[in-house]
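Visitor: Below is the file work_27.cif, with mmCIF, C-alpha atoms.
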```cif
data_query
loop_
_atom_site.label_atom_id
_atom_site.label_comp_id
_atom_site.auth_asym_id
_atom_site.auth_seq_id
_atom_site.Cartn_x
_atom_site.Cartn_y
_atom_site.Cartn_z
CA MET A 1 6.88 -69.17 -114.67
CA LYS A 2 9.34 -66.96 -116.54
CA THR A 3 10.68 -67.87 -119.99
CA ILE A 4 13.89 -66.47 -121.43
CA VAL A 5 15.09 -67.11 -124.98
CA LEU A 6 18.74 -66.27 -125.66
CA ILE A 7 19.33 -65.88 -129.41
CA ARG A 8 22.74 -65.40 -130.95
CA HIS A 9 22.75 -63.22 -134.05
CA ALA A 10 23.00 -64.94 -137.45
CA LYS A 11 26.37 -65.45 -139.16
CA SER A 12 27.93 -62.16 -140.21
CA SER A 13 30.02 -61.20 -143.19
CA TRP A 14 33.69 -60.25 -143.00
CA LYS A 15 33.75 -59.49 -146.74
CA ASP A 16 34.24 -55.73 -146.31
CA ILE A 17 37.16 -55.35 -143.92
CA THR A 18 36.67 -51.58 -143.78
CA LEU A 19 33.41 -51.99 -141.81
CA ASP A 20 33.59 -51.74 -138.07
CA ASP A 21 32.30 -54.68 -136.03
CA PHE A 22 29.00 -52.93 -135.20
CA SER A 23 28.15 -52.45 -138.91
CA ARG A 24 28.83 -55.95 -140.23
CA PRO A 25 25.88 -57.38 -142.22
CA LEU A 26 24.75 -61.00 -142.44
CA ASN A 27 26.54 -63.31 -144.84
CA LYS A 28 24.87 -65.78 -147.21
CA ARG A 29 24.80 -68.61 -144.66
CA GLY A 30 23.38 -66.28 -142.00
CA LYS A 31 20.60 -65.20 -144.36
CA GLN A 32 19.79 -68.84 -145.14
CA ASN A 33 19.85 -70.11 -141.54
CA LEU A 34 17.92 -67.25 -140.01
CA PRO A 35 14.38 -67.94 -141.34
CA VAL A 36 14.79 -71.67 -140.61
CA MET A 37 15.71 -70.99 -136.99
CA ALA A 38 12.99 -68.36 -136.54
CA GLU A 39 10.41 -70.81 -137.88
CA HIS A 40 11.74 -73.54 -135.59
CA LEU A 41 11.28 -71.25 -132.58
CA LYS A 42 7.80 -70.29 -133.80
CA ASN A 43 6.89 -73.99 -133.86
CA GLN A 44 7.71 -74.24 -130.14
CA ASN A 45 4.52 -72.22 -129.50
CA LEU A 46 6.05 -70.07 -126.79
CA ALA A 47 4.18 -66.96 -125.74
CA ILE A 48 7.10 -64.56 -126.14
CA GLU A 49 5.91 -61.07 -125.25
CA LYS A 50 8.83 -58.97 -126.52
CA ILE A 51 12.18 -59.28 -128.27
CA PHE A 52 15.06 -57.09 -127.13
CA SER A 53 18.06 -56.82 -129.44
CA SER A 54 21.51 -55.39 -129.67
CA SER A 55 21.47 -52.53 -132.15
CA ALA A 56 24.42 -53.94 -134.14
CA LYS A 57 23.40 -54.52 -137.75
CA ARG A 58 23.67 -58.33 -137.67
CA ALA A 59 21.70 -58.57 -134.41
CA LYS A 60 19.05 -56.14 -135.63
CA LYS A 61 18.49 -58.18 -138.83
CA THR A 62 18.27 -61.34 -136.73
CA ALA A 63 15.75 -59.79 -134.36
CA GLU A 64 13.67 -58.48 -137.27
CA GLU A 65 13.30 -61.99 -138.71
CA PHE A 66 12.37 -63.52 -135.36
CA SER A 67 9.97 -60.63 -134.69
CA THR A 68 8.25 -61.14 -138.04
CA GLN A 69 8.01 -64.94 -137.71
CA LEU A 70 6.79 -64.81 -134.11
CA GLY A 71 4.50 -61.83 -134.56
CA VAL A 72 6.13 -60.11 -131.60
CA SER A 73 7.35 -56.53 -131.28
CA MET A 74 11.05 -55.85 -130.89
CA GLN A 75 13.08 -53.13 -129.27
CA LEU A 76 16.70 -52.24 -129.96
CA ASP A 77 18.97 -51.51 -127.03
CA ASP A 78 22.56 -50.33 -127.39
CA SER A 79 23.50 -51.87 -124.04
CA LEU A 80 23.06 -55.38 -125.51
CA TYR A 81 25.92 -54.86 -127.99
CA MET A 82 28.76 -57.07 -126.75
CA ALA A 83 27.27 -57.12 -123.24
CA SER A 84 28.92 -59.31 -120.62
CA ASP A 85 27.07 -62.13 -118.92
CA MET A 86 26.38 -59.99 -115.84
CA GLU A 87 25.19 -57.04 -117.93
CA LEU A 88 22.82 -59.39 -119.77
CA LEU A 89 21.62 -60.88 -116.48
CA ASN A 90 20.84 -57.43 -115.04
CA PHE A 91 19.04 -56.45 -118.26
CA ILE A 92 16.95 -59.64 -118.24
CA ASN A 93 16.01 -59.35 -114.57
CA ASP A 94 14.90 -55.77 -115.16
CA LYS A 95 12.70 -56.81 -118.11
CA LEU A 96 11.27 -59.84 -116.31
CA SER A 97 9.79 -57.49 -113.72
CA LYS A 98 7.47 -56.34 -116.56
CA TYR A 99 7.21 -59.45 -118.78
CA ASN A 100 6.86 -63.19 -118.24
CA SER A 101 8.50 -64.26 -121.50
CA ILE A 102 11.20 -62.41 -123.43
CA ALA A 103 13.81 -63.06 -126.09
CA ILE A 104 17.23 -61.42 -126.17
CA VAL A 105 19.27 -61.16 -129.39
CA SER A 106 22.90 -60.51 -128.61
CA HIS A 107 26.49 -61.68 -129.02
CA ASN A 108 29.06 -64.12 -127.73
CA PRO A 109 30.86 -64.57 -125.45
CA GLY A 110 28.24 -62.86 -123.27
CA LEU A 111 25.31 -65.11 -124.26
CA THR A 112 27.14 -68.40 -123.76
CA ASP A 113 28.73 -67.16 -120.52
CA LEU A 114 25.28 -66.12 -119.27
CA TYR A 115 23.78 -69.50 -120.16
CA ASN A 116 26.58 -71.29 -118.30
CA TYR A 117 26.03 -69.08 -115.25
CA ILE A 118 22.22 -69.28 -114.98
CA SER A 119 21.87 -72.92 -116.02
CA ASP A 120 23.05 -75.99 -114.19
CA ASP A 121 24.45 -77.16 -117.53
CA ASN A 122 27.56 -76.07 -119.39
CA ILE A 123 27.89 -75.61 -123.13
CA GLU A 124 30.90 -74.57 -125.16
CA ASN A 125 29.09 -72.22 -127.51
CA ILE A 126 25.72 -70.95 -128.67
CA PRO A 127 26.32 -71.03 -132.45
CA THR A 128 25.28 -68.21 -134.76
CA SER A 129 21.51 -68.29 -135.37
CA GLY A 130 21.24 -70.63 -132.40
CA TYR A 131 19.05 -70.15 -129.37
CA VAL A 132 18.35 -71.58 -125.94
CA VAL A 133 14.97 -71.54 -124.22
CA LEU A 134 15.12 -71.41 -120.43
CA THR A 135 12.48 -71.27 -117.72
CA ASN A 136 12.61 -70.08 -114.14
CA ASN A 137 9.96 -70.17 -111.42
CA LYS A 138 11.58 -67.56 -109.17
CA ALA A 139 11.22 -63.79 -109.13
CA LYS A 140 14.77 -63.23 -110.41
CA ILE A 141 17.20 -65.15 -112.55
CA SER A 142 20.39 -66.07 -110.69
CA GLN A 143 23.18 -68.61 -110.80
CA ASN A 144 21.95 -72.14 -111.62
CA SER A 145 18.31 -71.00 -111.42
CA THR A 146 16.98 -71.92 -114.87
CA GLN A 147 15.91 -75.10 -116.61
CA LEU A 148 16.81 -75.75 -120.24
CA ILE A 149 13.78 -76.38 -122.46
CA ASP A 150 15.42 -76.27 -125.89
CA PHE A 151 18.84 -75.71 -127.44
CA ALA A 152 18.53 -75.27 -131.19
CA TYR A 153 21.10 -74.36 -133.81
CA PRO A 154 21.37 -74.68 -137.60
CA LYS A 155 23.53 -77.83 -137.69
CA ARG A 156 21.39 -79.79 -135.22
CA GLU A 157 20.21 -82.93 -137.00
CA ASP A 158 16.47 -82.42 -136.50
CA ILE A 159 16.38 -78.85 -137.81
#
```
Please lay out the structure from this file as C-alpha coordinates.
Guide:
Amino acid sequence: MKTIVLIRHAKSSWKDITLDDFSRPLNKRGKQNLPVMAEHLKNQNLAIEKIFSSSAKRAKKTAEEFSTQLGVSMQLDDSLYMASDMELLNFINDKLSKYNSIAIVSHNPGLTDLYNYISDDNIENIPTSGYVVLTNNKAKISQNSTQLIDFAYPKREDI
(Lines of atoms letter the chains of each structure in order from A and count residues from 1; the text may use other names and numbers.)
(Lines give C-alpha, C1' and ligand atoms only; values in the text may rest on other atoms or scores of the structure.)
Protein backbone atom coordinates (compact mmCIF):
# COMPACT_ATOMS: atom_id res chain seq x y z
CA MET A 1 0.00 0.00 0.00
CA LYS A 2 1.34 3.43 -0.98
CA THR A 3 0.39 6.59 0.92
CA ILE A 4 0.65 10.07 -0.55
CA VAL A 5 0.02 13.27 1.41
CA LEU A 6 -0.48 16.41 -0.67
CA ILE A 7 0.09 19.52 1.46
CA ARG A 8 -0.57 23.03 0.25
CA HIS A 9 1.78 25.63 1.69
CA ALA A 10 0.50 27.86 4.50
CA LYS A 11 -1.03 31.28 3.77
CA SER A 12 1.54 33.71 2.41
CA SER A 13 1.99 37.42 2.87
CA TRP A 14 1.47 39.99 0.13
CA LYS A 15 2.57 42.80 2.46
CA ASP A 16 5.81 43.55 0.58
CA ILE A 17 4.80 43.94 -3.06
CA THR A 18 8.44 44.23 -4.13
CA LEU A 19 9.04 40.53 -3.34
CA ASP A 20 8.79 38.07 -6.17
CA ASP A 21 6.33 35.20 -5.79
CA PHE A 22 9.07 32.69 -4.91
CA SER A 23 10.25 34.80 -1.93
CA ARG A 24 6.92 35.53 -0.24
CA PRO A 25 6.93 34.62 3.49
CA LEU A 26 4.05 33.31 5.58
CA ASN A 27 1.53 35.79 6.93
CA LYS A 28 0.15 35.83 10.47
CA ARG A 29 -2.73 33.46 9.69
CA GLY A 30 -0.36 31.06 7.91
CA LYS A 31 1.94 31.01 10.94
CA GLN A 32 -1.02 30.32 13.24
CA ASN A 33 -2.63 27.58 11.10
CA LEU A 34 0.55 25.74 10.26
CA PRO A 35 1.39 24.11 13.64
CA VAL A 36 -2.28 23.17 14.14
CA MET A 37 -2.41 21.39 10.78
CA ALA A 38 0.97 19.70 11.28
CA GLU A 39 -0.18 18.41 14.66
CA HIS A 40 -3.44 17.19 13.14
CA LEU A 41 -1.51 15.20 10.54
CA LYS A 42 0.81 13.85 13.24
CA ASN A 43 -2.25 12.57 15.12
CA GLN A 44 -3.21 10.47 12.08
CA ASN A 45 -0.23 8.21 12.93
CA LEU A 46 0.86 7.77 9.34
CA ALA A 47 4.30 6.33 8.72
CA ILE A 48 5.48 9.08 6.36
CA GLU A 49 9.03 8.30 5.28
CA LYS A 50 10.03 11.60 3.64
CA ILE A 51 8.70 15.07 2.88
CA PHE A 52 9.50 16.66 -0.46
CA SER A 53 8.90 20.39 -0.80
CA SER A 54 8.96 23.20 -3.28
CA SER A 55 11.89 25.45 -2.48
CA ALA A 56 9.72 28.60 -2.45
CA LYS A 57 9.98 30.33 0.92
CA ARG A 58 6.36 29.73 1.98
CA ALA A 59 6.50 26.05 1.01
CA LYS A 60 9.87 25.55 2.70
CA LYS A 61 8.56 27.02 5.99
CA THR A 62 5.49 24.80 5.73
CA ALA A 63 7.59 21.70 5.11
CA GLU A 64 9.91 22.56 8.01
CA GLU A 65 6.97 22.66 10.44
CA PHE A 66 5.53 19.36 9.19
CA SER A 67 9.00 17.80 9.23
CA THR A 68 9.56 18.87 12.84
CA GLN A 69 6.11 17.75 14.05
CA LEU A 70 6.27 14.42 12.23
CA GLY A 71 9.92 13.73 12.97
CA VAL A 72 10.57 13.09 9.28
CA SER A 73 13.36 14.39 7.08
CA MET A 74 12.57 16.78 4.27
CA GLN A 75 14.13 17.55 0.94
CA LEU A 76 13.69 20.70 -1.15
CA ASP A 77 13.18 20.33 -4.87
CA ASP A 78 12.97 23.28 -7.26
CA SER A 79 10.82 21.28 -9.68
CA LEU A 80 7.92 21.34 -7.18
CA TYR A 81 7.62 25.14 -7.40
CA MET A 82 4.38 25.80 -9.30
CA ALA A 83 4.49 22.30 -10.82
CA SER A 84 1.56 21.18 -12.95
CA ASP A 85 -0.54 18.18 -12.03
CA MET A 86 1.33 15.95 -14.49
CA GLU A 87 4.73 17.17 -13.28
CA LEU A 88 3.66 16.38 -9.71
CA LEU A 89 2.36 12.97 -10.77
CA ASN A 90 5.66 12.08 -12.46
CA PHE A 91 7.60 13.28 -9.40
CA ILE A 92 5.44 11.24 -7.03
CA ASN A 93 5.64 8.07 -9.12
CA ASP A 94 9.41 8.40 -9.23
CA LYS A 95 9.62 8.77 -5.42
CA LEU A 96 7.15 5.94 -4.77
CA SER A 97 9.57 3.56 -6.45
CA LYS A 98 11.82 4.17 -3.40
CA TYR A 99 9.30 4.97 -0.62
CA ASN A 100 5.93 3.63 0.48
CA SER A 101 4.71 6.84 2.11
CA ILE A 102 5.62 10.40 1.16
CA ALA A 103 4.35 13.94 1.61
CA ILE A 104 4.60 16.65 -1.03
CA VAL A 105 4.45 20.36 -0.12
CA SER A 106 3.61 22.43 -3.16
CA HIS A 107 1.24 24.96 -4.71
CA ASN A 108 -2.11 25.35 -6.40
CA PRO A 109 -3.46 24.90 -8.98
CA GLY A 110 -1.16 21.90 -9.45
CA LEU A 111 -2.03 20.15 -6.16
CA THR A 112 -5.80 20.43 -6.54
CA ASP A 113 -5.61 19.48 -10.23
CA LEU A 114 -3.52 16.43 -9.31
CA TYR A 115 -5.97 15.39 -6.60
CA ASN A 116 -8.87 15.66 -9.04
CA TYR A 117 -6.98 13.57 -11.59
CA ILE A 118 -5.78 10.73 -9.34
CA SER A 119 -8.88 10.53 -7.15
CA ASP A 120 -12.35 9.47 -8.13
CA ASP A 121 -13.58 12.54 -6.26
CA ASN A 122 -13.51 16.19 -7.27
CA ILE A 123 -12.79 19.13 -5.00
CA GLU A 124 -12.72 22.82 -5.81
CA ASN A 125 -9.61 23.67 -3.82
CA ILE A 126 -7.05 22.42 -1.33
CA PRO A 127 -6.92 25.47 0.97
CA THR A 128 -3.67 26.91 2.29
CA SER A 129 -2.26 24.74 5.11
CA GLY A 130 -4.67 22.03 3.98
CA TYR A 131 -3.75 18.49 3.06
CA VAL A 132 -5.20 15.33 1.57
CA VAL A 133 -4.10 11.81 2.45
CA LEU A 134 -4.47 9.27 -0.34
CA THR A 135 -3.67 5.58 -0.64
CA ASN A 136 -3.03 3.39 -3.65
CA ASN A 137 -2.44 -0.36 -3.87
CA LYS A 138 -0.89 -0.32 -7.36
CA ALA A 139 2.71 0.12 -8.44
CA LYS A 140 2.05 3.56 -9.95
CA ILE A 141 -0.38 6.36 -9.32
CA SER A 142 -2.62 7.07 -12.30
CA GLN A 143 -5.99 8.58 -13.10
CA ASN A 144 -8.69 7.64 -10.56
CA SER A 145 -6.31 5.21 -8.81
CA THR A 146 -6.27 6.55 -5.24
CA GLN A 147 -8.59 6.43 -2.27
CA LEU A 148 -9.12 9.48 -0.06
CA ILE A 149 -8.32 8.83 3.61
CA ASP A 150 -8.44 12.39 4.96
CA PHE A 151 -9.02 15.93 3.72
CA ALA A 152 -8.07 18.43 6.40
CA TYR A 153 -7.88 22.21 6.33
CA PRO A 154 -7.84 24.99 8.93
CA LYS A 155 -11.54 25.94 8.71
CA ARG A 156 -12.83 22.36 8.98
CA GLU A 157 -15.08 22.21 12.04
CA ASP A 158 -13.28 19.39 13.85
CA ILE A 159 -9.81 20.92 13.62
Visitor: Got a sec: who's within 9 Å of range 95-98 of chain A, counting only C-alpha atoms, leaving out chain neighbours fewer than 5 positions off, as number ranges by chain?
Guide: A: 2-4, 90, 139-141
Visitor: I need the residue nearest Met86 in chain A from this list: A:Leu111, A:Ala59, A:Val5, A:Ile102. Use only C-alpha atoms for the distance.
Guide: A:Leu111
Visitor: Mind dumping a table of every range 99-155 of chain A residue within 12 Å of range 61-71 of chain A, with the nearest atom pair and its distance in Å to one decimal, using only C-alpha atoms, sorted by chain and rising number, as JSON lines?
Guide:
```
{"residue": "A:Ile102", "atom": "CA", "partner": "A:Ser67", "partner_atom": "CA", "distance": 11.5}
{"residue": "A:Ala103", "atom": "CA", "partner": "A:Ala63", "partner_atom": "CA", "distance": 9.1}
{"residue": "A:Ile104", "atom": "CA", "partner": "A:Ala63", "partner_atom": "CA", "distance": 8.5}
{"residue": "A:Val105", "atom": "CA", "partner": "A:Ala63", "partner_atom": "CA", "distance": 6.2}
{"residue": "A:Ser106", "atom": "CA", "partner": "A:Ala63", "partner_atom": "CA", "distance": 9.2}
{"residue": "A:His107", "atom": "CA", "partner": "A:Thr62", "partner_atom": "CA", "distance": 11.3}
{"residue": "A:Thr128", "atom": "CA", "partner": "A:Thr62", "partner_atom": "CA", "distance": 10.0}
{"residue": "A:Ser129", "atom": "CA", "partner": "A:Thr62", "partner_atom": "CA", "distance": 7.8}
{"residue": "A:Gly130", "atom": "CA", "partner": "A:Thr62", "partner_atom": "CA", "distance": 10.7}
{"residue": "A:Tyr131", "atom": "CA", "partner": "A:Phe66", "partner_atom": "CA", "distance": 11.2}
```
Visitor: Which residues would end up in the selection if the PyMOL selection byres ((chain A and resi 135) around 8) were applied here, given that I need the answer as a PyMOL selection string?
Guide: chain A and resi 1-4+133-134+136-137+146-149
Visitor: Check which residues satisfy the PyMOL selection byres ((chain A and resi 24) around 7) in the file shown, then give them as a list in words.
Guide: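 Applying the expression gives Ser12, Ser13, Leu19, Asp20, Asp21, Phe22, Ser23, Pro25, Leu26, Lys57 and Arg58 of chain A.
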Visitor: If I take CA of Ser84 in chain A and CA of Asn108 in chain A, how far is one from the other in Å, to one decimal?
Guide: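 Here the two named atoms are 8.6 Å from each other.
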Visitor: Rounded to one decimal, what separation in Å do you get between CA of Asp16 in chain A and CA of Ala152 in chain A?
Guide: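 Interatomic distance, CA of Asp16 in chain A to CA of Ala152 in chain A: 29.3 Å.
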Visitor: Starting from the displayed file, determine the output of the PyMOL selection byres ((chain A and resi 85) around 8) and express the residue list as number ranges by chain.
Guide: A: 83-84, 86-89, 109-114, 117
Visitor: May I ask for the distance between CA of Lys155 in chain A and CA of Lys31 in chain A, given in Å to one decimal place?
Guide: 14.6 Å
Visitor: Calculated over only C-alpha atoms, which of the candidates A:Arg8, A:Lys15, A:Asn100, A:Asp94 has the smallest distance to Lys50 in chain A?
Guide: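 Closest residue, counting only C-alpha atoms: A:Asn100.
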Visitor: Compare A:Ser73, A:Tyr115, A:Ile126, A:Asp158 by their minimum atom-to-atom distance to Ala10 in chain A, counting only C-alpha atoms, and give me the closest one.
Guide: A:Ile126
Visitor: Using all atoms listed in the file, which of the listed residues (A:Ile7, A:Ala47, A:Met37, A:Leu76) sits closest to Pro154 in chain A?
Guide: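 Going through A:Ile7, A:Ala47, A:Met37, A:Leu76 one by one, the smallest distance to Pro154 in chain A is for A:Met37.
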Visitor: Can you rebuild range 92-113 of chain A with N, CA and C atoms and give it as an mmCIF file, keeping the file's coordinate frame?
Guide:
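Listing of rebuild-v7.cif after writing:
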```
data_model
loop_
_atom_site.group_PDB
_atom_site.id
_atom_site.type_symbol
_atom_site.label_atom_id
_atom_site.label_comp_id
_atom_site.auth_asym_id
_atom_site.auth_seq_id
_atom_site.Cartn_x
_atom_site.Cartn_y
_atom_site.Cartn_z
ATOM 1 N N ILE A 92 18.049 -58.662 -118.241
ATOM 2 C CA ILE A 92 16.950 -59.640 -118.240
ATOM 3 C C ILE A 92 16.120 -59.525 -116.969
ATOM 4 N N ASN A 93 16.766 -59.455 -115.826
ATOM 5 C CA ASN A 93 16.010 -59.350 -114.570
ATOM 6 C C ASN A 93 15.171 -58.078 -114.530
ATOM 7 N N ASP A 94 15.691 -57.000 -115.092
ATOM 8 C CA ASP A 94 14.900 -55.770 -115.160
ATOM 9 C C ASP A 94 13.660 -55.976 -116.032
ATOM 10 N N LYS A 95 13.832 -56.606 -117.190
ATOM 11 C CA LYS A 95 12.700 -56.810 -118.110
ATOM 12 C C LYS A 95 11.705 -57.824 -117.571
ATOM 13 N N LEU A 96 12.184 -58.825 -116.841
ATOM 14 C CA LEU A 96 11.270 -59.840 -116.310
ATOM 15 C C LEU A 96 10.404 -59.309 -115.168
ATOM 16 N N SER A 97 10.693 -58.105 -114.702
ATOM 17 C CA SER A 97 9.790 -57.490 -113.720
ATOM 18 C C SER A 97 8.533 -56.978 -114.430
ATOM 19 N N LYS A 98 8.604 -56.842 -115.776
ATOM 20 C CA LYS A 98 7.470 -56.340 -116.560
ATOM 21 C C LYS A 98 6.853 -57.414 -117.461
ATOM 22 N N TYR A 99 7.643 -58.410 -117.839
ATOM 23 C CA TYR A 99 7.210 -59.450 -118.780
ATOM 24 C C TYR A 99 7.437 -60.831 -118.183
ATOM 25 N N ASN A 100 6.657 -61.798 -118.650
ATOM 26 C CA ASN A 100 6.860 -63.190 -118.240
ATOM 27 C C ASN A 100 7.702 -63.976 -119.212
ATOM 28 N N SER A 101 7.779 -63.504 -120.463
ATOM 29 C CA SER A 101 8.500 -64.260 -121.500
ATOM 30 C C SER A 101 9.141 -63.285 -122.483
ATOM 31 N N ILE A 102 10.472 -63.318 -122.545
ATOM 32 C CA ILE A 102 11.200 -62.410 -123.430
ATOM 33 C C ILE A 102 12.257 -63.167 -124.217
ATOM 34 N N ALA A 103 12.674 -62.561 -125.317
ATOM 35 C CA ALA A 103 13.810 -63.060 -126.090
ATOM 36 C C ALA A 103 14.850 -61.948 -126.155
ATOM 37 N N ILE A 104 16.102 -62.343 -126.086
ATOM 38 C CA ILE A 104 17.230 -61.420 -126.170
ATOM 39 C C ILE A 104 18.083 -61.840 -127.351
ATOM 40 N N VAL A 105 18.363 -60.900 -128.258
ATOM 41 C CA VAL A 105 19.270 -61.160 -129.390
ATOM 42 C C VAL A 105 20.555 -60.400 -129.098
ATOM 43 N N SER A 106 21.639 -61.148 -128.974
ATOM 44 C CA SER A 106 22.900 -60.510 -128.610
ATOM 45 C C SER A 106 24.078 -61.300 -129.172
ATOM 46 N N HIS A 107 25.205 -61.217 -128.486
ATOM 47 C CA HIS A 107 26.490 -61.680 -129.020
ATOM 48 C C HIS A 107 27.207 -62.594 -128.033
ATOM 49 N N ASN A 108 28.120 -63.372 -128.561
ATOM 50 C CA ASN A 108 29.060 -64.120 -127.730
ATOM 51 C C ASN A 108 30.278 -63.257 -127.479
ATOM 52 N N PRO A 109 30.991 -63.460 -126.406
ATOM 53 C CA PRO A 109 30.860 -64.570 -125.450
ATOM 54 C C PRO A 109 29.789 -64.360 -124.382
ATOM 55 N N GLY A 110 29.199 -63.171 -124.324
ATOM 56 C CA GLY A 110 28.240 -62.860 -123.270
ATOM 57 C C GLY A 110 27.087 -63.837 -123.154
ATOM 58 N N LEU A 111 26.472 -64.208 -124.301
ATOM 59 C CA LEU A 111 25.310 -65.110 -124.260
ATOM 60 C C LEU A 111 25.673 -66.491 -123.713
ATOM 61 N N THR A 112 26.747 -67.069 -124.228
ATOM 62 C CA THR A 112 27.140 -68.400 -123.760
ATOM 63 C C THR A 112 27.569 -68.346 -122.297
ATOM 64 N N ASP A 113 28.318 -67.312 -121.921
ATOM 65 C CA ASP A 113 28.730 -67.160 -120.520
ATOM 66 C C ASP A 113 27.506 -67.025 -119.614
#
```
